[in-house]
Each structure stands twice: as C-alpha cells, then as structure tokens.
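Input: a single structure, listed below in structure tokens.
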Amino acid sequence: MSAMKDVLEQKVAEACQELFGIEVSIELTRPEEQFGDFATNVALQLSKQVGKNPREIGEELVVKLRETLASEVSDVSVAGPGFINLKLSDVALIGSLKAQPAKSLDGKVVVAEYSNPNAFKAMHAGHLYTSVVGDSIANLMEQAGATVHRVNFGGDVGLHVGKTMWGIIKSLGNEDIDALLAVDLDSPEERAQWLSDRYVEGNNAYEGEAKEEIVEYNKQVYAIHSEDDHDSPFAQIYWTCRQWSYDYFQYFYETINVKPFDKYYPESSTSPIGMAKVKELLEQGVLENSDGAVVFKGENYGLHTRVFQTREGLPTYEAKDLGLIVAKNDDYHFDKSVVITGNDIIEYMKVVLKVVEQFAPELATATKHLTHGLVKMEGGEKMSSRKGNTLGALDVINSAAEAVKQIGDQTEQEDITLGAVKYAFLKQRTGGDIIYDPKESVSLEGNSGPYLQYSHARARSILRKGEAGELNEDASLEAGERSLVRKITEYTEVVDQAVDDLMPHHVCAYLYELAQVFNRFYEGNRVIDDPRQSLRLALVKTYADTLQNGLKLLGIAAPEQM
RNA sequence: GCGCCCGUAGCUCAGUGGAUUAGAGCAUCUGUCUUCGGAACAGAGGGUCGGCGGUUCGAAUCCGUCCGGGCGUACCA
C-alpha cells in the first residue's frame, strides 16, 4: 500500500466531516509538480452541498489541514477554482520511499492464457505481441501476490491442420515418413517455415479443387487422436510435424525471453472434454440441434447463435474452448482466469462464457477476457498472406537486432533488442491496433526501451564509483533531488493501477517519466566528489532499483552496462 | 441491418472514475557539451481533442445524434 497517500486521504476526509458534516471518500491525485505532491478537488465537489463557493470551502479546509497534517505536510494551499494542493515535508516524502505495491492478489491462484500459437502454422508478429503482453500481465499479477500459471492453447487439430497435411503429402509425393525425414532442415525455425509453406499451399488448394480432400484430411487428423494412431504413415507424419511445431514454440519463447509456460493445451486434448460437455448440455437443453449442427441460441441473451458441433460431428473452436475452461479448472482450481486474445473474438467469447454460465456460473465470473488489437503494417494495412506483407514473429526481432547493431558494438545486444521490441509493443494501451513499421517502430531513443536501459546503466555506472549507503530519513532535499524522490514514490501507485487494470502501459509511461526526471537530475547534479555525495548515491541506488523492478514487470532486462 | 470498438499535433500515441495552462516520442528548427557513459539535456514551432447538440459552475472525458474507419454477426480460429 502506498501508506502516505492513504493517510492523507483519510485525514482530508476527516476534515470534511468535521467542518461540513459531510461524508466523502477522497481520491488524491498527482498534480503537476509545481502544484505539489498530491491534490484534491473535494472543495469543488462539496460546493453545492455546502452552499458556499469552492474557494471559500478550500480556504477553510486548508486552515484545518495545516493543523491536522502538520507532521506530514510542509504546505497546503488553494489554487485555481478551488483545488487543494498538498506538499509533503521532505521527511515524509523520504519516508514514503519505503512503500511497496499492494498485494491485492495475495494467495490467489490465477491462470493466464495467452500467445496461443497453432501447430502446423507460422508464428507472426501478432503472436510476438500477445506473448509479450501476456508475459507482462502475468508478471503484474505475480507481483501482486498471485500464484500465476501461464498456459498456452493451440490448434493441433482443425481445418488448418488438414490444409497443412495436404500440402505436406503433396510435397512428399505420398504418405511417406522417410521422405519427410529426408527433408533436410536442422533448425526449429527452418522446419516451422517449411510447415508454414505447406500450409499456404494447402490453403490455396482449399479455395480450389482440393477442398473435399482437405476436409477428409481434417477428419483423419481427428481420427488419429480418437484412435490413438501412432503407426499409420499418415499418423507418423502428423506426430513428427506436430513435434516440429512444439520445438519451434519453445525455441521462440526462449529467444524472446519470456517466462516459460506451465502447460500447453493442444486442442486435441480439450476437444473430447468439450464434446462430452456439449453432449451433456444438449441433453440439458442449454444447447440445441439446428440444421444438423449443435448450437447455442445466443439471441435469448442479446448475443448471437454459435455452432459448437458441426454437421460433420466435429467440434468447433467453441467446443474446444469449453473443454479448455473445464480442463484449466480441473488442473488448477483457479480463483481467477485471465484469457488474453485478439479483439476479433470479443463477441465470440461472450457466447462461450454465457454457455459456461449455464452450468458453472462461478467459472464464468472468475474468467476475465482481455483483448488486444492487431499488429498492422505501416500505413495501417492489415497483414495478409495473400498480399505477402506478413511479418514473421522472429523477423521483428531480427530487424530490431539490425537496428541495434547500427549503434555500434554491443555488450548486451540481445537485451537491448528485446527491450526495444517489447517496450514498443507494451507502451501502448492494450486494446487498440499496433502499427508496426519495421524501420521506425522499434525506436532506440526517446520514449523507448533502450532509453530506459541506458538510463539504468548510467546510474549503475555511478554506483560502481562510490558505495551507496542508507538514505538518511531526516535529510533535507535540494530541488533536483526532491523531484527525483517525488517521482520514485509514485511507483507503487502506478503498479497498483496497472494491476487493477491489467494494463502494462501504465508502467511504461511512468518509467519513462521517471527516467526523464533522473536524466535531468544527472545533468544538473554532480554525485561523485560532491559534498552531497552520500545522499545522492543513496538516491541513485533507489532510482536504479526502482527502474529495474519496473522493467522486470515488463519482461525487459536492465543491463548493468551497454 | 444489428452488436461491439475506435477517431487527440505532419506521423505514432498518453490522457477518457469531469477540473489548475490538453501532454509525450518521432520528424522540423535552435541551443548545451574538454560527458560521474551524448542511446543525453535545454528550447521553439505545430492541436476548433471527427462534426453538431445536450448535462454541468466546469467536458477530450458523461449523454444524444451525424460523419469516417475497424471487427463480429452458424458449421474458420
């Protein structure tokens, strides 16, 4: 808890109660520095009720607060239309550096699902984005005291697999596992690319003559699972290629340095669970037969109808997702489940959760669906394989690495590259589309990951030149020092906000401001060989630690030097 | 058609539990500098916050409406 803020809010509320007999809950805001450390507009809110003008109310409150807040505050004043600005004493300000972010999820078990790549297909820039966002959101919840299980869900069955299998078999000439193994590719990336090319072939063929054949392959893939077939040539090809995809996923997550997943749920494993549930819900009348398919009539709830089982008797994504929710709960007995996906399935998810609500309302309410936008190309163009403007997930990293190399020899090349890419994605509010320009987006200066990393490395560099001791709690601060301390004390509030909203961009915006304040301090205030060296070293240390903690929440490394 | 989301400087975006002068970065222009690490710092220009109407002492923020864009809307995921 940011204790100081709570104390002040409490005391301001008490003052309102005593002076005007009105119960109010105070939310202190952070005004611009020139106005003070905290502000409230309570005088404006009370104006009507009290029947006085806001300035007048403000003046009365100020007199009272100067008394009751004497030990915390050095200045209280009324400004503008009636804002009350509070300035903390240096001692109180330094004291509030000790505050820690709230443990609002203490003891909770949380499942975080994100990334969700499909086997037998390539990972594109969107997967990189969702992986980075999901990792950070999971970090935020962990930081707040939750036990977070990171899980991943993806299609190892479904029409896209039928398409890729078609492309594979076409390319090999027949169902021949030896021919597949003879395809001489040694990196996970190359094998994934090979599969992706086969998918594209299958996808094109599906538009034309091969549709029937691909539909048949799709059924055969489901049959591999239901019959536990590991021996037929078709099955051998399938299992081998699925493993190629899984190896590639693992390689990818290691490359982008996100925390590993606890579990990968392949759709083949959630399908049977989902189908069993569909059967049960059909008997209960929650789902119904319609035109040969099994559907949920969402119209009864202001939603739309969605198919859970096709005419062919196959599960749709809806059934698989139903199975996933059941499986996640069986595995983890979660208090909260966070599902992070693109915006395009918002309405879809409402329908699925409405179905869940029919048999397990507590699961539906514990599930939170967070969505993000698309990664679009320069000019706002949507990526499409048809137009050939798709961007592979690792291509983004590679082009950023090139840009980093341009700067010069790097000791921490990877950390900086990933810092640039992750920050570029995370600094925007989760929900909107991201415009990705390979040349411009991954910035290394200004509001960027490397700016933060550089500022951190600089601070650490100073700390190597002199040992930082404890900060003297009774110290009085010069202007530049005070600005830095003030900014650092905002950290806990920002992290709490980011946890409440599950939005990492709050942390980004704050860390950038923090680094700016430090860089200004650095320009104007000598640390080493200055009479105030001891105090300043302690401040630099607190700054560097705070920045490092914040970057950690974003999944970004804070190198000691670069 | 219906539902959901979005429209803030040339570009990319913060700000939307109403409030002190609408903020950043990039780009443009001008400075700082014999660097405790210049991936830096200081400054300038650039905005009818899509339009109109409403609520309010006060609206980028809330409500209505229109315009523009995106997504979804039964057997893809």
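Residues are named by chain letter and number: chains run A, B, ... in the order of the structure tokens, numbers start at 1 in each chain, and ligands are numbered from 1 in the order shown.
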
Find the residues around B:G3 up to 12 Å (only C-alpha atoms (C1' of nucleotides) counted), leave out those fewer than 4 positions away in its own chain, and share them as a PDB file with all heavy atoms, in the first residue's frame.
```
ATOM      1  N   GLU A 299     -29.212 -15.379 -29.067  1.00  0.00           N
ATOM      2  CA  GLU A 299     -30.189 -14.295 -29.190  1.00  0.00           C
ATOM      3  C   GLU A 299     -31.023 -14.134 -27.918  1.00  0.00           C
ATOM      4  O   GLU A 299     -31.440 -13.021 -27.588  1.00  0.00           O
ATOM      5  CB  GLU A 299     -31.120 -14.519 -30.386  1.00  0.00           C
ATOM      6  CG  GLU A 299     -30.499 -14.201 -31.733  1.00  0.00           C
ATOM      7  CD  GLU A 299     -29.530 -15.269 -32.208  1.00  0.00           C
ATOM      8  OE1 GLU A 299     -29.421 -16.327 -31.556  1.00  0.00           O
ATOM      9  OE2 GLU A 299     -28.835 -15.026 -33.218  1.00  0.00           O
ATOM     10  N   GLY A 302     -29.222 -11.633 -25.911  1.00  0.00           N
ATOM     11  CA  GLY A 302     -28.691 -10.450 -26.583  1.00  0.00           C
ATOM     12  C   GLY A 302     -27.384 -10.716 -27.312  1.00  0.00           C
ATOM     13  O   GLY A 302     -26.658  -9.792 -27.678  1.00  0.00           O
ATOM     14  N   LEU A 303     -27.063 -11.997 -27.482  1.00  0.00           N
ATOM     15  CA  LEU A 303     -25.846 -12.348 -28.205  1.00  0.00           C
ATOM     16  C   LEU A 303     -26.262 -13.005 -29.516  1.00  0.00           C
ATOM     17  O   LEU A 303     -27.422 -12.916 -29.899  1.00  0.00           O
ATOM     18  CB  LEU A 303     -25.003 -13.305 -27.348  1.00  0.00           C
ATOM     19  CG  LEU A 303     -24.593 -12.730 -25.992  1.00  0.00           C
ATOM     20  CD1 LEU A 303     -24.033 -13.815 -25.081  1.00  0.00           C
ATOM     21  CD2 LEU A 303     -23.571 -11.613 -26.164  1.00  0.00           C
ATOM     22  N   HIS A 304     -25.302 -13.651 -30.181  1.00  0.00           N
ATOM     23  CA  HIS A 304     -25.681 -14.322 -31.402  1.00  0.00           C
ATOM     24  C   HIS A 304     -25.475 -15.828 -31.300  1.00  0.00           C
ATOM     25  O   HIS A 304     -24.775 -16.311 -30.406  1.00  0.00           O
ATOM     26  CB  HIS A 304     -24.943 -13.731 -32.605  1.00  0.00           C
ATOM     27  CG  HIS A 304     -23.466 -13.803 -32.495  1.00  0.00           C
ATOM     28  ND1 HIS A 304     -22.686 -12.725 -32.158  1.00  0.00           N
ATOM     29  CD2 HIS A 304     -22.611 -14.833 -32.645  1.00  0.00           C
ATOM     30  CE1 HIS A 304     -21.424 -13.090 -32.120  1.00  0.00           C
ATOM     31  NE2 HIS A 304     -21.352 -14.369 -32.407  1.00  0.00           N
ATOM     32  N   ILE A 346     -14.100 -11.039 -29.267  1.00  0.00           N
ATOM     33  CA  ILE A 346     -14.833 -10.497 -28.123  1.00  0.00           C
ATOM     34  C   ILE A 346     -16.256 -11.059 -28.044  1.00  0.00           C
ATOM     35  O   ILE A 346     -16.682 -11.589 -27.016  1.00  0.00           O
ATOM     36  CB  ILE A 346     -14.889  -8.951 -28.188  1.00  0.00           C
ATOM     37  CG1 ILE A 346     -13.504  -8.361 -27.905  1.00  0.00           C
ATOM     38  CG2 ILE A 346     -15.899  -8.409 -27.184  1.00  0.00           C
ATOM     39  CD1 ILE A 346     -13.435  -6.848 -28.042  1.00  0.00           C
ATOM     40  N   GLU A 347     -16.975 -10.932 -29.151  1.00  0.00           N
ATOM     41  CA  GLU A 347     -18.372 -11.378 -29.160  1.00  0.00           C
ATOM     42  C   GLU A 347     -18.458 -12.897 -29.031  1.00  0.00           C
ATOM     43  O   GLU A 347     -19.344 -13.430 -28.377  1.00  0.00           O
ATOM     44  CB  GLU A 347     -19.062 -10.929 -30.451  1.00  0.00           C
ATOM     45  CG  GLU A 347     -19.197  -9.429 -30.583  1.00  0.00           C
ATOM     46  CD  GLU A 347     -20.052  -8.826 -29.488  1.00  0.00           C
ATOM     47  OE1 GLU A 347     -21.159  -9.338 -29.239  1.00  0.00           O
ATOM     48  OE2 GLU A 347     -19.599  -7.845 -28.854  1.00  0.00           O
ATOM     49  N   TYR A 348     -17.522 -13.537 -29.691  1.00  0.00           N
ATOM     50  CA  TYR A 348     -17.431 -14.994 -29.615  1.00  0.00           C
ATOM     51  C   TYR A 348     -17.298 -15.447 -28.159  1.00  0.00           C
ATOM     52  O   TYR A 348     -17.998 -16.338 -27.687  1.00  0.00           O
ATOM     53  CB  TYR A 348     -16.234 -15.459 -30.454  1.00  0.00           C
ATOM     54  CG  TYR A 348     -15.678 -16.783 -30.035  1.00  0.00           C
ATOM     55  CD1 TYR A 348     -16.194 -17.964 -30.548  1.00  0.00           C
ATOM     56  CD2 TYR A 348     -14.666 -16.851 -29.087  1.00  0.00           C
ATOM     57  CE1 TYR A 348     -15.698 -19.189 -30.140  1.00  0.00           C
ATOM     58  CE2 TYR A 348     -14.173 -18.065 -28.668  1.00  0.00           C
ATOM     59  CZ  TYR A 348     -14.684 -19.225 -29.185  1.00  0.00           C
ATOM     60  OH  TYR A 348     -14.203 -20.427 -28.763  1.00  0.00           O
ATOM     61  N   LYS A 350     -18.040 -13.905 -25.442  1.00  0.00           N
ATOM     62  CA  LYS A 350     -19.245 -13.646 -24.643  1.00  0.00           C
ATOM     63  C   LYS A 350     -20.203 -14.824 -24.737  1.00  0.00           C
ATOM     64  O   LYS A 350     -20.831 -15.209 -23.742  1.00  0.00           O
ATOM     65  CB  LYS A 350     -19.947 -12.375 -25.149  1.00  0.00           C
ATOM     66  CG  LYS A 350     -19.292 -11.082 -24.716  1.00  0.00           C
ATOM     67  CD  LYS A 350     -20.109  -9.892 -25.210  1.00  0.00           C
ATOM     68  CE  LYS A 350     -19.364  -8.587 -25.012  1.00  0.00           C
ATOM     69  NZ  LYS A 350     -19.979  -7.494 -25.810  1.00  0.00           N
TER      70      LYS A 350
ATOM     71  P     C B  71     -11.897  -5.219 -40.741  1.00  0.00           P
ATOM     72  OP1   C B  71     -10.878  -6.101 -41.353  1.00  0.00           O
ATOM     73  OP2   C B  71     -13.050  -4.748 -41.541  1.00  0.00           O
ATOM     74  O5'   C B  71     -12.469  -5.921 -39.431  1.00  0.00           O
ATOM     75  C5'   C B  71     -11.582  -6.456 -38.471  1.00  0.00           C
ATOM     76  C4'   C B  71     -12.348  -6.834 -37.230  1.00  0.00           C
ATOM     77  O4'   C B  71     -13.006  -5.658 -36.677  1.00  0.00           O
ATOM     78  C3'   C B  71     -13.504  -7.804 -37.433  1.00  0.00           C
ATOM     79  O3'   C B  71     -13.072  -9.144 -37.560  1.00  0.00           O
ATOM     80  C2'   C B  71     -14.303  -7.572 -36.158  1.00  0.00           C
ATOM     81  O2'   C B  71     -13.686  -8.163 -35.038  1.00  0.00           O
ATOM     82  C1'   C B  71     -14.213  -6.053 -36.040  1.00  0.00           C
ATOM     83  N1    C B  71     -15.356  -5.384 -36.693  1.00  0.00           N
ATOM     84  C2    C B  71     -16.568  -5.312 -35.990  1.00  0.00           C
ATOM     85  O2    C B  71     -16.631  -5.814 -34.861  1.00  0.00           O
ATOM     86  N3    C B  71     -17.639  -4.718 -36.568  1.00  0.00           N
ATOM     87  C4    C B  71     -17.528  -4.202 -37.790  1.00  0.00           C
ATOM     88  N4    C B  71     -18.613  -3.626 -38.307  1.00  0.00           N
ATOM     89  C5    C B  71     -16.308  -4.261 -38.535  1.00  0.00           C
ATOM     90  C6    C B  71     -15.253  -4.858 -37.952  1.00  0.00           C
ATOM     91  P     G B  72     -13.938 -10.156 -38.414  1.00  0.00           P
ATOM     92  OP1   G B  72     -13.138 -11.392 -38.497  1.00  0.00           O
ATOM     93  OP2   G B  72     -14.417  -9.499 -39.655  1.00  0.00           O
ATOM     94  O5'   G B  72     -15.204 -10.403 -37.478  1.00  0.00           O
ATOM     95  C5'   G B  72     -15.034 -11.005 -36.205  1.00  0.00           C
ATOM     96  C4'   G B  72     -16.338 -10.977 -35.462  1.00  0.00           C
ATOM     97  O4'   G B  72     -16.755  -9.601 -35.258  1.00  0.00           O
ATOM     98  C3'   G B  72     -17.531 -11.593 -36.174  1.00  0.00           C
ATOM     99  O3'   G B  72     -17.520 -13.000 -36.066  1.00  0.00           O
ATOM    100  C2'   G B  72     -18.691 -10.971 -35.413  1.00  0.00           C
ATOM    101  O2'   G B  72     -18.851 -11.566 -34.139  1.00  0.00           O
ATOM    102  C1'   G B  72     -18.171  -9.547 -35.224  1.00  0.00           C
ATOM    103  N9    G B  72     -18.653  -8.657 -36.285  1.00  0.00           N
ATOM    104  C8    G B  72     -17.970  -8.197 -37.387  1.00  0.00           C
ATOM    105  N7    G B  72     -18.689  -7.408 -38.143  1.00  0.00           N
ATOM    106  C5    G B  72     -19.918  -7.347 -37.509  1.00  0.00           C
ATOM    107  C6    G B  72     -21.106  -6.649 -37.859  1.00  0.00           C
ATOM    108  O6    G B  72     -21.314  -5.920 -38.836  1.00  0.00           O
ATOM    109  N1    G B  72     -22.128  -6.875 -36.933  1.00  0.00           N
ATOM    110  C2    G B  72     -22.014  -7.668 -35.808  1.00  0.00           C
ATOM    111  N2    G B  72     -23.101  -7.766 -35.043  1.00  0.00           N
ATOM    112  N3    G B  72     -20.915  -8.312 -35.470  1.00  0.00           N
ATOM    113  C4    G B  72     -19.914  -8.109 -36.361  1.00  0.00           C
ATOM    114  P     U B  73     -18.163 -13.876 -37.242  1.00  0.00           P
ATOM    115  OP1   U B  73     -17.974 -15.287 -36.849  1.00  0.00           O
ATOM    116  OP2   U B  73     -17.632 -13.387 -38.526  1.00  0.00           O
ATOM    117  O5'   U B  73     -19.705 -13.502 -37.176  1.00  0.00           O
ATOM    118  C5'   U B  73     -20.539 -14.031 -36.145  1.00  0.00           C
ATOM    119  C4'   U B  73     -21.895 -13.416 -36.233  1.00  0.00           C
ATOM    120  O4'   U B  73     -21.775 -11.968 -36.160  1.00  0.00           O
ATOM    121  C3'   U B  73     -22.646 -13.627 -37.539  1.00  0.00           C
ATOM    122  O3'   U B  73     -23.228 -14.922 -37.618  1.00  0.00           O
ATOM    123  C2'   U B  73     -23.679 -12.523 -37.460  1.00  0.00           C
ATOM    124  O2'   U B  73     -24.707 -12.845 -36.546  1.00  0.00           O
ATOM    125  C1'   U B  73     -22.830 -11.381 -36.894  1.00  0.00           C
ATOM    126  N1    U B  73     -22.267 -10.553 -37.982  1.00  0.00           N
ATOM    127  C2    U B  73     -23.076  -9.550 -38.488  1.00  0.00           C
ATOM    128  O2    U B  73     -24.193  -9.322 -38.056  1.00  0.00           O
ATOM    129  N3    U B  73     -22.522  -8.829 -39.518  1.00  0.00           N
ATOM    130  C4    U B  73     -21.283  -9.013 -40.081  1.00  0.00           C
ATOM    131  O4    U B  73     -20.939  -8.281 -41.003  1.00  0.00           O
ATOM    132  C5    U B  73     -20.509 -10.067 -39.496  1.00  0.00           C
ATOM    133  C6    U B  73     -21.016 -10.788 -38.494  1.00  0.00           C
TER     134        U B  73
END
```

Up to 6 Å from chain B, what residues of chain A turn up? Count only C-alpha atoms (C1' of nucleotides) and give them as a ChimeraX atom specification. /A:80,306-307,310,344,445-447,458,462,528

For A:Val294, list every protein, DNA or RNA residue within 6 Å, evaluated using only C-alpha atoms (C1' of nucleotides), and leave out those in the same chain fewer than 3 positions away; present the list as a PyMOL selection string. chain A and resi 288-289+307-309

Between atom CA of A:Tyr265 and atom CA of A:Tyr332, what distance in Å does the model show, to one decimal? 13.2 Å

Find the residues around stretch 126-128 of chain A up to 7 Å (only C-alpha atoms (C1' of nucleotides) counted), leave out those fewer than 3 positions away in its own chain, and share them as a list of chain:residue names. A:Ser115, A:Pro117, A:Met123, A:Ser131, A:Val132, A:Leu374, A:Val375, A:Ala393

Compile the contact shell of A:Lys487 as a ChimeraX atom specification: residues with an atom at most 10 Å away, counting only C-alpha atoms (C1' of nucleotides), same-chain residues fewer than 2 positions apart removed. /A:33,37,97,482-485,489-491,510-511,513-515,517-518,543

Give the helix (DSSP H, G or I) residues of stretch 229-465 of chain A, as assigned by DSSP on the backbone, as a ChimeraX atom specification. /A:233-255,267-284,298-301,317-332,343-359,361-366,378-380,393-407,413-426,449-463

Test item: residues at most 12 Å from A:Leu322, only C-alpha atoms (C1' of nucleotides), excluding those fewer than 6 positions along its chain, as JSON, numbers by chain: {"A": [267, 269, 270, 271, 272, 273, 274, 275, 276, 277, 278, 279, 281, 308, 309, 315, 316, 328, 329, 348, 349, 351, 352, 353, 354, 355, 356, 357, 358, 359, 360, 363, 364]}

Take the residues just selected and output them with N, CA and C atoms as a short mmCIF file (atom, residue, chain, number, x, y, z; two decimals), in the first residue's frame.
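So selection05.cif came out as:
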```cif
data_model
loop_
_atom_site.label_atom_id
_atom_site.label_comp_id
_atom_site.auth_asym_id
_atom_site.auth_seq_id
_atom_site.Cartn_x
_atom_site.Cartn_y
_atom_site.Cartn_z
N GLU A 267 -5.47 -28.49 -28.77
CA GLU A 267 -6.91 -28.62 -28.97
C GLU A 267 -7.34 -30.08 -28.97
N SER A 269 -6.54 -32.24 -27.00
CA SER A 269 -6.82 -32.69 -25.64
C SER A 269 -8.09 -32.06 -25.07
N THR A 270 -8.42 -30.85 -25.53
CA THR A 270 -9.62 -30.23 -24.98
C THR A 270 -10.86 -30.61 -25.79
N SER A 271 -10.65 -31.10 -27.00
CA SER A 271 -11.79 -31.48 -27.84
C SER A 271 -12.69 -32.52 -27.18
N PRO A 272 -12.13 -33.67 -26.72
CA PRO A 272 -13.01 -34.68 -26.13
C PRO A 272 -13.74 -34.16 -24.90
N ILE A 273 -13.04 -33.34 -24.09
CA ILE A 273 -13.68 -32.79 -22.90
C ILE A 273 -14.83 -31.87 -23.32
N GLY A 274 -14.54 -31.07 -24.33
CA GLY A 274 -15.56 -30.15 -24.83
C GLY A 274 -16.74 -30.88 -25.43
N MET A 275 -16.44 -31.92 -26.18
CA MET A 275 -17.52 -32.67 -26.83
C MET A 275 -18.41 -33.36 -25.80
N ALA A 276 -17.79 -33.88 -24.75
CA ALA A 276 -18.57 -34.51 -23.69
C ALA A 276 -19.49 -33.47 -23.05
N LYS A 277 -18.95 -32.28 -22.87
CA LYS A 277 -19.74 -31.21 -22.27
C LYS A 277 -20.88 -30.80 -23.21
N VAL A 278 -20.58 -30.76 -24.48
CA VAL A 278 -21.59 -30.39 -25.47
C VAL A 278 -22.76 -31.39 -25.42
N LYS A 279 -22.40 -32.66 -25.34
CA LYS A 279 -23.43 -33.71 -25.29
C LYS A 279 -24.32 -33.51 -24.06
N LEU A 281 -24.76 -30.75 -22.33
CA LEU A 281 -25.54 -29.51 -22.41
C LEU A 281 -26.68 -29.64 -23.41
N PHE A 308 -21.44 -25.21 -31.88
CA PHE A 308 -20.49 -25.91 -31.00
C PHE A 308 -20.06 -27.25 -31.59
N GLN A 309 -20.95 -27.81 -32.42
CA GLN A 309 -20.58 -29.06 -33.07
C GLN A 309 -21.11 -29.00 -34.50
N PRO A 315 -16.00 -31.03 -33.43
CA PRO A 315 -16.08 -29.89 -32.52
C PRO A 315 -15.62 -28.61 -33.22
N THR A 316 -16.25 -27.51 -32.93
CA THR A 316 -15.75 -26.22 -33.40
C THR A 316 -14.84 -25.66 -32.31
N LYS A 328 -8.79 -26.35 -17.47
CA LYS A 328 -8.00 -25.42 -16.66
C LYS A 328 -8.46 -25.44 -15.21
N ASN A 329 -9.77 -25.50 -15.04
CA ASN A 329 -10.28 -25.50 -13.68
C ASN A 329 -9.95 -26.81 -12.97
N TYR A 348 -17.52 -13.54 -29.69
CA TYR A 348 -17.43 -14.99 -29.62
C TYR A 348 -17.30 -15.45 -28.16
N MET A 349 -16.36 -14.80 -27.44
CA MET A 349 -16.09 -15.21 -26.07
C MET A 349 -17.29 -14.96 -25.15
N VAL A 351 -20.31 -15.37 -25.94
CA VAL A 351 -21.23 -16.50 -26.14
C VAL A 351 -20.73 -17.72 -25.37
N VAL A 352 -19.44 -18.00 -25.51
CA VAL A 352 -18.87 -19.16 -24.81
C VAL A 352 -19.06 -19.02 -23.30
N LEU A 353 -18.78 -17.82 -22.80
CA LEU A 353 -18.90 -17.62 -21.35
C LEU A 353 -20.36 -17.67 -20.90
N LYS A 354 -21.26 -17.28 -21.80
CA LYS A 354 -22.68 -17.39 -21.46
C LYS A 354 -23.08 -18.86 -21.32
N VAL A 355 -22.51 -19.69 -22.16
CA VAL A 355 -22.76 -21.13 -22.06
C VAL A 355 -22.18 -21.67 -20.75
N VAL A 356 -20.96 -21.24 -20.44
CA VAL A 356 -20.32 -21.69 -19.19
C VAL A 356 -21.18 -21.28 -18.00
N GLU A 357 -21.72 -20.09 -18.09
CA GLU A 357 -22.55 -19.57 -17.00
C GLU A 357 -23.74 -20.49 -16.72
N GLN A 358 -24.21 -21.20 -17.76
CA GLN A 358 -25.38 -22.06 -17.60
C GLN A 358 -25.09 -23.28 -16.72
N PHE A 359 -23.84 -23.75 -16.75
CA PHE A 359 -23.54 -24.92 -15.91
C PHE A 359 -22.56 -24.65 -14.79
N ALA A 360 -21.81 -23.56 -14.88
CA ALA A 360 -20.86 -23.23 -13.80
C ALA A 360 -20.69 -21.72 -13.72
N LEU A 363 -17.40 -20.19 -12.63
CA LEU A 363 -16.28 -20.20 -13.59
C LEU A 363 -16.38 -19.02 -14.54
N ALA A 364 -17.60 -18.72 -14.93
CA ALA A 364 -17.80 -17.61 -15.86
C ALA A 364 -17.41 -16.29 -15.21
#
```
